[in-house]
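Visitor: upload24.json (JSON, C-alpha atoms) pasted underneath:
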[["chain", "number", "residue", "atom", "x", "y", "z"],
["A", 1, "MET", "CA", 0.00, 0.00, 0.00],
["A", 2, "LEU", "CA", 1.19, 3.52, -0.76],
["A", 3, "SER", "CA", 1.78, 5.60, 2.35],
["A", 4, "GLY", "CA", 2.75, 9.03, 1.09],
["A", 5, "LEU", "CA", 4.94, 11.09, -1.17],
["A", 6, "ASN", "CA", 8.53, 9.77, -1.28],
["A", 7, "HIS", "CA", 10.45, 12.39, -3.29],
["A", 8, "ILE", "CA", 10.24, 14.85, -6.17],
["A", 9, "THR", "CA", 12.83, 14.86, -8.96],
["A", 10, "ILE", "CA", 13.30, 17.95, -11.13],
["A", 11, "ALA", "CA", 15.53, 18.08, -14.20],
["A", 12, "VAL", "CA", 17.89, 21.05, -14.16],
["A", 13, "SER", "CA", 20.23, 22.50, -16.77],
["A", 14, "ASN", "CA", 22.80, 23.95, -14.36],
["A", 15, "LEU", "CA", 23.25, 22.31, -10.97],
["A", 16, "ASN", "CA", 25.02, 25.26, -9.30],
["A", 17, "THR", "CA", 22.38, 27.75, -10.43],
["A", 18, "SER", "CA", 19.61, 25.47, -9.17],
["A", 19, "LEU", "CA", 21.38, 24.92, -5.84],
["A", 20, "ASP", "CA", 21.71, 28.69, -5.40],
["A", 21, "PHE", "CA", 17.97, 29.02, -6.05],
["A", 22, "TYR", "CA", 16.63, 26.09, -4.01],
["A", 23, "CYS", "CA", 19.09, 26.38, -1.09],
["A", 24, "GLY", "CA", 20.03, 30.06, -1.17],
["A", 25, "LEU", "CA", 16.63, 31.58, -1.93],
["A", 26, "LEU", "CA", 14.05, 28.98, -0.95],
["A", 27, "GLY", "CA", 15.87, 27.58, 2.09],
["A", 28, "PHE", "CA", 16.25, 23.90, 1.20],
["A", 29, "GLU", "CA", 18.92, 21.95, 3.08],
["A", 30, "LEU", "CA", 21.65, 20.41, 0.91],
["A", 31, "TRP", "CA", 22.62, 16.82, 1.80],
["A", 32, "VAL", "CA", 24.82, 15.58, -1.07],
["A", 33, "THR", "CA", 25.87, 16.47, -4.60],
["A", 34, "TRP", "CA", 27.43, 14.38, -7.36],
["A", 35, "ASP", "CA", 28.38, 15.04, -10.98],
["A", 36, "ASN", "CA", 24.78, 14.89, -12.21],
["A", 37, "GLY", "CA", 22.64, 15.81, -9.25],
["A", 38, "ALA", "CA", 21.90, 16.67, -5.64],
["A", 39, "TYR", "CA", 19.60, 15.66, -2.79],
["A", 40, "LEU", "CA", 17.93, 18.40, -0.78],
["A", 41, "THR", "CA", 15.24, 18.53, 1.86],
["A", 42, "LEU", "CA", 12.66, 21.06, 3.00],
["A", 43, "GLY", "CA", 10.91, 19.76, 6.08],
["A", 44, "GLU", "CA", 9.81, 16.26, 5.13],
["A", 45, "VAL", "CA", 10.06, 16.92, 1.37],
["A", 46, "TRP", "CA", 12.99, 15.20, -0.35],
["A", 47, "LEU", "CA", 13.97, 16.88, -3.63],
["A", 48, "CYS", "CA", 16.35, 15.45, -6.21],
["A", 49, "LEU", "CA", 17.87, 17.85, -8.71],
["A", 50, "SER", "CA", 18.94, 15.83, -11.75],
["A", 51, "LEU", "CA", 21.23, 17.39, -14.36],
["A", 52, "GLY", "CA", 19.87, 16.78, -17.83],
["A", 53, "GLU", "CA", 17.62, 17.97, -20.61],
["A", 54, "VAL", "CA", 14.95, 20.28, -19.23],
["A", 55, "SER", "CA", 11.41, 20.36, -20.57],
["A", 56, "PRO", "CA", 9.22, 22.43, -18.23],
["A", 57, "SER", "CA", 5.48, 21.93, -18.39],
["A", 58, "SER", "CA", 3.35, 24.44, -20.27],
["A", 59, "ASP", "CA", 0.20, 23.34, -18.44],
["A", 60, "TYR", "CA", -0.92, 24.14, -14.88],
["A", 61, "SER", "CA", 1.22, 21.40, -13.27],
["A", 62, "HIS", "CA", 3.37, 22.77, -10.44],
["A", 63, "VAL", "CA", 4.85, 21.99, -7.04],
["A", 64, "ALA", "CA", 3.59, 24.00, -4.05],
["A", 65, "PHE", "CA", 5.50, 24.65, -0.82],
["A", 66, "ASN", "CA", 4.10, 25.67, 2.57],
["A", 67, "ILE", "CA", 4.85, 28.96, 4.28],
["A", 68, "ALA", "CA", 3.44, 30.45, 7.47],
["A", 69, "ALA", "CA", 1.04, 33.32, 6.79],
["A", 70, "GLU", "CA", 3.14, 35.70, 8.89],
["A", 71, "ASP", "CA", 6.23, 34.98, 6.75],
["A", 72, "PHE", "CA", 4.56, 35.19, 3.34],
["A", 73, "THR", "CA", 4.94, 38.92, 2.58],
["A", 74, "THR", "CA", 8.59, 39.20, 3.58],
["A", 75, "PHE", "CA", 9.57, 35.97, 1.83],
["A", 76, "SER", "CA", 7.70, 36.92, -1.36],
["A", 77, "LYS", "CA", 9.31, 40.34, -1.40],
["A", 78, "THR", "CA", 12.76, 38.75, -1.10],
["A", 79, "LEU", "CA", 12.07, 36.42, -4.04],
["A", 80, "LEU", "CA", 10.78, 39.23, -6.25],
["A", 81, "GLU", "CA", 13.70, 41.51, -5.31],
["A", 82, "ASN", "CA", 16.02, 38.70, -6.46],
["A", 83, "GLY", "CA", 14.40, 38.65, -9.90],
["A", 84, "VAL", "CA", 12.36, 35.47, -9.53],
["A", 85, "GLY", "CA", 9.75, 35.35, -12.30],
["A", 86, "VAL", "CA", 6.01, 35.05, -11.65],
["A", 87, "TRP", "CA", 3.86, 32.81, -13.88],
["A", 88, "GLN", "CA", 0.38, 33.52, -12.48],
["A", 89, "GLN", "CA", -1.42, 35.84, -10.11],
["A", 90, "ASN", "CA", -3.19, 34.34, -7.11],
["A", 91, "SER", "CA", -6.95, 33.91, -7.35],
["A", 92, "SER", "CA", -7.50, 31.20, -4.72],
["A", 93, "GLU", "CA", -7.84, 31.03, -0.95],
["A", 94, "GLY", "CA", -4.74, 31.84, 1.06],
["A", 95, "ASP", "CA", -1.71, 33.82, 0.00],
["A", 96, "SER", "CA", 0.16, 32.33, -2.95],
["A", 97, "LEU", "CA", 3.09, 33.40, -5.05],
["A", 98, "TYR", "CA", 3.43, 31.44, -8.30],
["A", 99, "ILE", "CA", 7.07, 31.48, -9.38],
["A", 100, "TYR", "CA", 9.49, 29.94, -11.86],
["A", 101, "ASP", "CA", 12.70, 28.21, -10.87],
["A", 102, "PRO", "CA", 15.83, 28.89, -13.00],
["A", 103, "ASP", "CA", 14.71, 26.28, -15.59],
["A", 104, "HIS", "CA", 11.13, 27.60, -15.72],
["A", 105, "HIS", "CA", 9.61, 24.80, -13.65],
["A", 106, "LYS", "CA", 6.45, 26.13, -12.03],
["A", 107, "LEU", "CA", 6.41, 26.44, -8.25],
["A", 108, "GLU", "CA", 3.99, 27.93, -5.74],
["A", 109, "ILE", "CA", 4.64, 29.39, -2.30],
["A", 110, "HIS", "CA", 1.33, 28.94, -0.40],
["A", 111, "SER", "CA", 0.18, 29.86, 3.09],
["A", 112, "GLY", "CA", -2.96, 27.72, 3.19],
["A", 113, "SER", "CA", -3.76, 24.06, 3.77],
["A", 114, "LEU", "CA", -6.12, 21.47, 2.36],
["A", 115, "GLN", "CA", -8.52, 22.20, 5.23],
["A", 116, "SER", "CA", -8.52, 25.96, 4.58],
["A", 117, "ARG", "CA", -9.07, 25.30, 0.87],
["A", 118, "LEU", "CA", -11.98, 22.95, 1.56],
["A", 119, "LYS", "CA", -13.56, 25.48, 3.93],
["A", 120, "SER", "CA", -13.31, 28.15, 1.23],
["A", 121, "LEU", "CA", -15.09, 25.79, -1.19],
["A", 122, "GLN", "CA", -18.08, 25.75, 1.14],
["A", 123, "GLN", "CA", -18.43, 29.50, 0.50],
["A", 124, "GLN", "CA", -17.37, 29.57, -3.16],
["A", 125, "PRO", "CA", -17.66, 26.11, -4.73],
["A", 126, "TYR", "CA", -15.96, 25.26, -8.01],
["A", 127, "SER", "CA", -18.24, 24.52, -10.96],
["A", 128, "GLY", "CA", -19.39, 20.89, -10.75],
["A", 129, "LEU", "CA", -18.00, 20.42, -7.21],
["A", 130, "THR", "CA", -18.87, 17.06, -5.60],
["A", 131, "TRP", "CA", -18.04, 16.32, -1.94],
["A", 132, "TYR", "CA", -16.90, 12.79, -0.96],
["A", 133, "LYS", "CA", -15.92, 13.51, 2.65],
["A", 134, "LYS", "CA", -17.34, 15.92, 5.19],
["A", 135, "LEU", "CA", -15.26, 18.55, 6.95]]
How would this structure read if it were set down as C-alpha coordinates?

Guide:
Amino acid sequence: MLSGLNHITIAVSNLNTSLDFYCGLLGFELWVTWDNGAYLTLGEVWLCLSLGEVSPSSDYSHVAFNIAAEDFTTFSKTLLENGVGVWQQNSSEGDSLYIYDPDHHKLEIHSGSLQSRLKSLQQQPYSGLTWYKKL
(Lines of atoms letter the chains of each structure in order from A and count residues from 1; the text may use other names and numbers.)
(Lines give C-alpha, C1' and ligand atoms only; values in the text may rest on other atoms or scores of the structure.)
Protein backbone atom coordinates (compact mmCIF):
# COMPACT_ATOMS: atom_id res chain seq x y z
CA MET A 1 0.00 0.00 0.00
CA LEU A 2 1.19 3.52 -0.76
CA SER A 3 1.78 5.60 2.35
CA GLY A 4 2.75 9.03 1.09
CA LEU A 5 4.94 11.09 -1.17
CA ASN A 6 8.53 9.77 -1.28
CA HIS A 7 10.45 12.39 -3.29
CA ILE A 8 10.24 14.85 -6.17
CA THR A 9 12.83 14.86 -8.96
CA ILE A 10 13.30 17.95 -11.13
CA ALA A 11 15.53 18.08 -14.20
CA VAL A 12 17.89 21.05 -14.16
CA SER A 13 20.23 22.50 -16.77
CA ASN A 14 22.80 23.95 -14.36
CA LEU A 15 23.25 22.31 -10.97
CA ASN A 16 25.02 25.26 -9.30
CA THR A 17 22.38 27.75 -10.43
CA SER A 18 19.61 25.47 -9.17
CA LEU A 19 21.38 24.92 -5.84
CA ASP A 20 21.71 28.69 -5.40
CA PHE A 21 17.97 29.02 -6.05
CA TYR A 22 16.63 26.09 -4.01
CA CYS A 23 19.09 26.38 -1.09
CA GLY A 24 20.03 30.06 -1.17
CA LEU A 25 16.63 31.58 -1.93
CA LEU A 26 14.05 28.98 -0.95
CA GLY A 27 15.87 27.58 2.09
CA PHE A 28 16.25 23.90 1.20
CA GLU A 29 18.92 21.95 3.08
CA LEU A 30 21.65 20.41 0.91
CA TRP A 31 22.62 16.82 1.80
CA VAL A 32 24.82 15.58 -1.07
CA THR A 33 25.87 16.47 -4.60
CA TRP A 34 27.43 14.38 -7.36
CA ASP A 35 28.38 15.04 -10.98
CA ASN A 36 24.78 14.89 -12.21
CA GLY A 37 22.64 15.81 -9.25
CA ALA A 38 21.90 16.67 -5.64
CA TYR A 39 19.60 15.66 -2.79
CA LEU A 40 17.93 18.40 -0.78
CA THR A 41 15.24 18.53 1.86
CA LEU A 42 12.66 21.06 3.00
CA GLY A 43 10.91 19.76 6.08
CA GLU A 44 9.81 16.26 5.13
CA VAL A 45 10.06 16.92 1.37
CA TRP A 46 12.99 15.20 -0.35
CA LEU A 47 13.97 16.88 -3.63
CA CYS A 48 16.35 15.45 -6.21
CA LEU A 49 17.87 17.85 -8.71
CA SER A 50 18.94 15.83 -11.75
CA LEU A 51 21.23 17.39 -14.36
CA GLY A 52 19.87 16.78 -17.83
CA GLU A 53 17.62 17.97 -20.61
CA VAL A 54 14.95 20.28 -19.23
CA SER A 55 11.41 20.36 -20.57
CA PRO A 56 9.22 22.43 -18.23
CA SER A 57 5.48 21.93 -18.39
CA SER A 58 3.35 24.44 -20.27
CA ASP A 59 0.20 23.34 -18.44
CA TYR A 60 -0.92 24.14 -14.88
CA SER A 61 1.22 21.40 -13.27
CA HIS A 62 3.37 22.77 -10.44
CA VAL A 63 4.85 21.99 -7.04
CA ALA A 64 3.59 24.00 -4.05
CA PHE A 65 5.50 24.65 -0.82
CA ASN A 66 4.10 25.67 2.57
CA ILE A 67 4.85 28.96 4.28
CA ALA A 68 3.44 30.45 7.47
CA ALA A 69 1.04 33.32 6.79
CA GLU A 70 3.14 35.70 8.89
CA ASP A 71 6.23 34.98 6.75
CA PHE A 72 4.56 35.19 3.34
CA THR A 73 4.94 38.92 2.58
CA THR A 74 8.59 39.20 3.58
CA PHE A 75 9.57 35.97 1.83
CA SER A 76 7.70 36.92 -1.36
CA LYS A 77 9.31 40.34 -1.40
CA THR A 78 12.76 38.75 -1.10
CA LEU A 79 12.07 36.42 -4.04
CA LEU A 80 10.78 39.23 -6.25
CA GLU A 81 13.70 41.51 -5.31
CA ASN A 82 16.02 38.70 -6.46
CA GLY A 83 14.40 38.65 -9.90
CA VAL A 84 12.36 35.47 -9.53
CA GLY A 85 9.75 35.35 -12.30
CA VAL A 86 6.01 35.05 -11.65
CA TRP A 87 3.86 32.81 -13.88
CA GLN A 88 0.38 33.52 -12.48
CA GLN A 89 -1.42 35.84 -10.11
CA ASN A 90 -3.19 34.34 -7.11
CA SER A 91 -6.95 33.91 -7.35
CA SER A 92 -7.50 31.20 -4.72
CA GLU A 93 -7.84 31.03 -0.95
CA GLY A 94 -4.74 31.84 1.06
CA ASP A 95 -1.71 33.82 0.00
CA SER A 96 0.16 32.33 -2.95
CA LEU A 97 3.09 33.40 -5.05
CA TYR A 98 3.43 31.44 -8.30
CA ILE A 99 7.07 31.48 -9.38
CA TYR A 100 9.49 29.94 -11.86
CA ASP A 101 12.70 28.21 -10.87
CA PRO A 102 15.83 28.89 -13.00
CA ASP A 103 14.71 26.28 -15.59
CA HIS A 104 11.13 27.60 -15.72
CA HIS A 105 9.61 24.80 -13.65
CA LYS A 106 6.45 26.13 -12.03
CA LEU A 107 6.41 26.44 -8.25
CA GLU A 108 3.99 27.93 -5.74
CA ILE A 109 4.64 29.39 -2.30
CA HIS A 110 1.33 28.94 -0.40
CA SER A 111 0.18 29.86 3.09
CA GLY A 112 -2.96 27.72 3.19
CA SER A 113 -3.76 24.06 3.77
CA LEU A 114 -6.12 21.47 2.36
CA GLN A 115 -8.52 22.20 5.23
CA SER A 116 -8.52 25.96 4.58
CA ARG A 117 -9.07 25.30 0.87
CA LEU A 118 -11.98 22.95 1.56
CA LYS A 119 -13.56 25.48 3.93
CA SER A 120 -13.31 28.15 1.23
CA LEU A 121 -15.09 25.79 -1.19
CA GLN A 122 -18.08 25.75 1.14
CA GLN A 123 -18.43 29.50 0.50
CA GLN A 124 -17.37 29.57 -3.16
CA PRO A 125 -17.66 26.11 -4.73
CA TYR A 126 -15.96 25.26 -8.01
CA SER A 127 -18.24 24.52 -10.96
CA GLY A 128 -19.39 20.89 -10.75
CA LEU A 129 -18.00 20.42 -7.21
CA THR A 130 -18.87 17.06 -5.60
CA TRP A 131 -18.04 16.32 -1.94
CA TYR A 132 -16.90 12.79 -0.96
CA LYS A 133 -15.92 13.51 2.65
CA LYS A 134 -17.34 15.92 5.19
CA LEU A 135 -15.26 18.55 6.95

Visitor: Near segment 75-90 of chain A, within 12 Å and counting all atoms listed in the file, which residues show up once chain neighbours fewer than 2 positions away are dropped, as JSON, numbers by chain?

Guide: {"A": [20, 21, 22, 24, 25, 26, 27, 57, 58, 59, 60, 61, 62, 66, 67, 68, 69, 70, 71, 72, 73, 92, 93, 94, 95, 96, 97, 98, 99, 100, 101, 102, 103, 104, 105, 106, 107, 108, 109, 110, 111]}

Visitor: Rank A:Leu118, A:Trp34, A:Leu51, A:Gln124 by their smallest atom-to-atom distance to Thr17 of chain A, using all atoms listed in the file, and report the top residue only.

Guide: A:Leu51

Visitor: Just to confirm, what's the straight-line distance from atom CA of Ile10 of chain A to atom CA of Glu44 of chain A in Å (one decimal)?

Guide: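 Computing it gives 16.7 Å between the two atoms.
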
Visitor: So the first atom is atom CA of Asn14 of chain A and the second is atom CA of Leu30 of chain A; what is the distance between them in Å, to one decimal place?

Guide: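 So the two atoms, atom CA of Asn14 of chain A and atom CA of Leu30 of chain A, lie 15.7 Å apart.
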
Visitor: Between atom CA of Ser50 of chain A and atom CA of Ala64 of chain A, what distance in Å does the model show, to one decimal?

Guide: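 Atom CA of Ala64 of chain A lies 19.0 Å from atom CA of Ser50 of chain A.
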
Visitor: Excluding Thr130 of chain A and residues on its chain fewer than 5 positions from it, collect all residues at most 12 Å away from it, counting all atoms listed in the file, and give them as an NGL selection string.

Guide: :A and (118 or 121-122 or 125)

Visitor: Which one of A:Leu114, A:Leu129, A:Leu15, A:Cys23 sits closest to Asn36 of chain A if you count all atoms listed in the file?

Guide: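 Of the candidates, the smallest distance to Asn36 of chain A is held by A:Leu15.
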
Visitor: Ranking A:Gly4, A:Leu47, A:Glu29, A:Leu135 by minimum distance to Gln115 of chain A and counting only C-alpha atoms, which one comes first?

Guide: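 Under the stated criterion, the closest residue is A:Leu135.
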
Visitor: Select, from A:Ser55, A:Thr74, A:Ser120, A:Ser91, the residue with the minimum atom-to-atom distance to Ala11 of chain A, counting all atoms listed in the file.

Guide: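 Of all the options, A:Ser55 lies closest to Ala11 of chain A.
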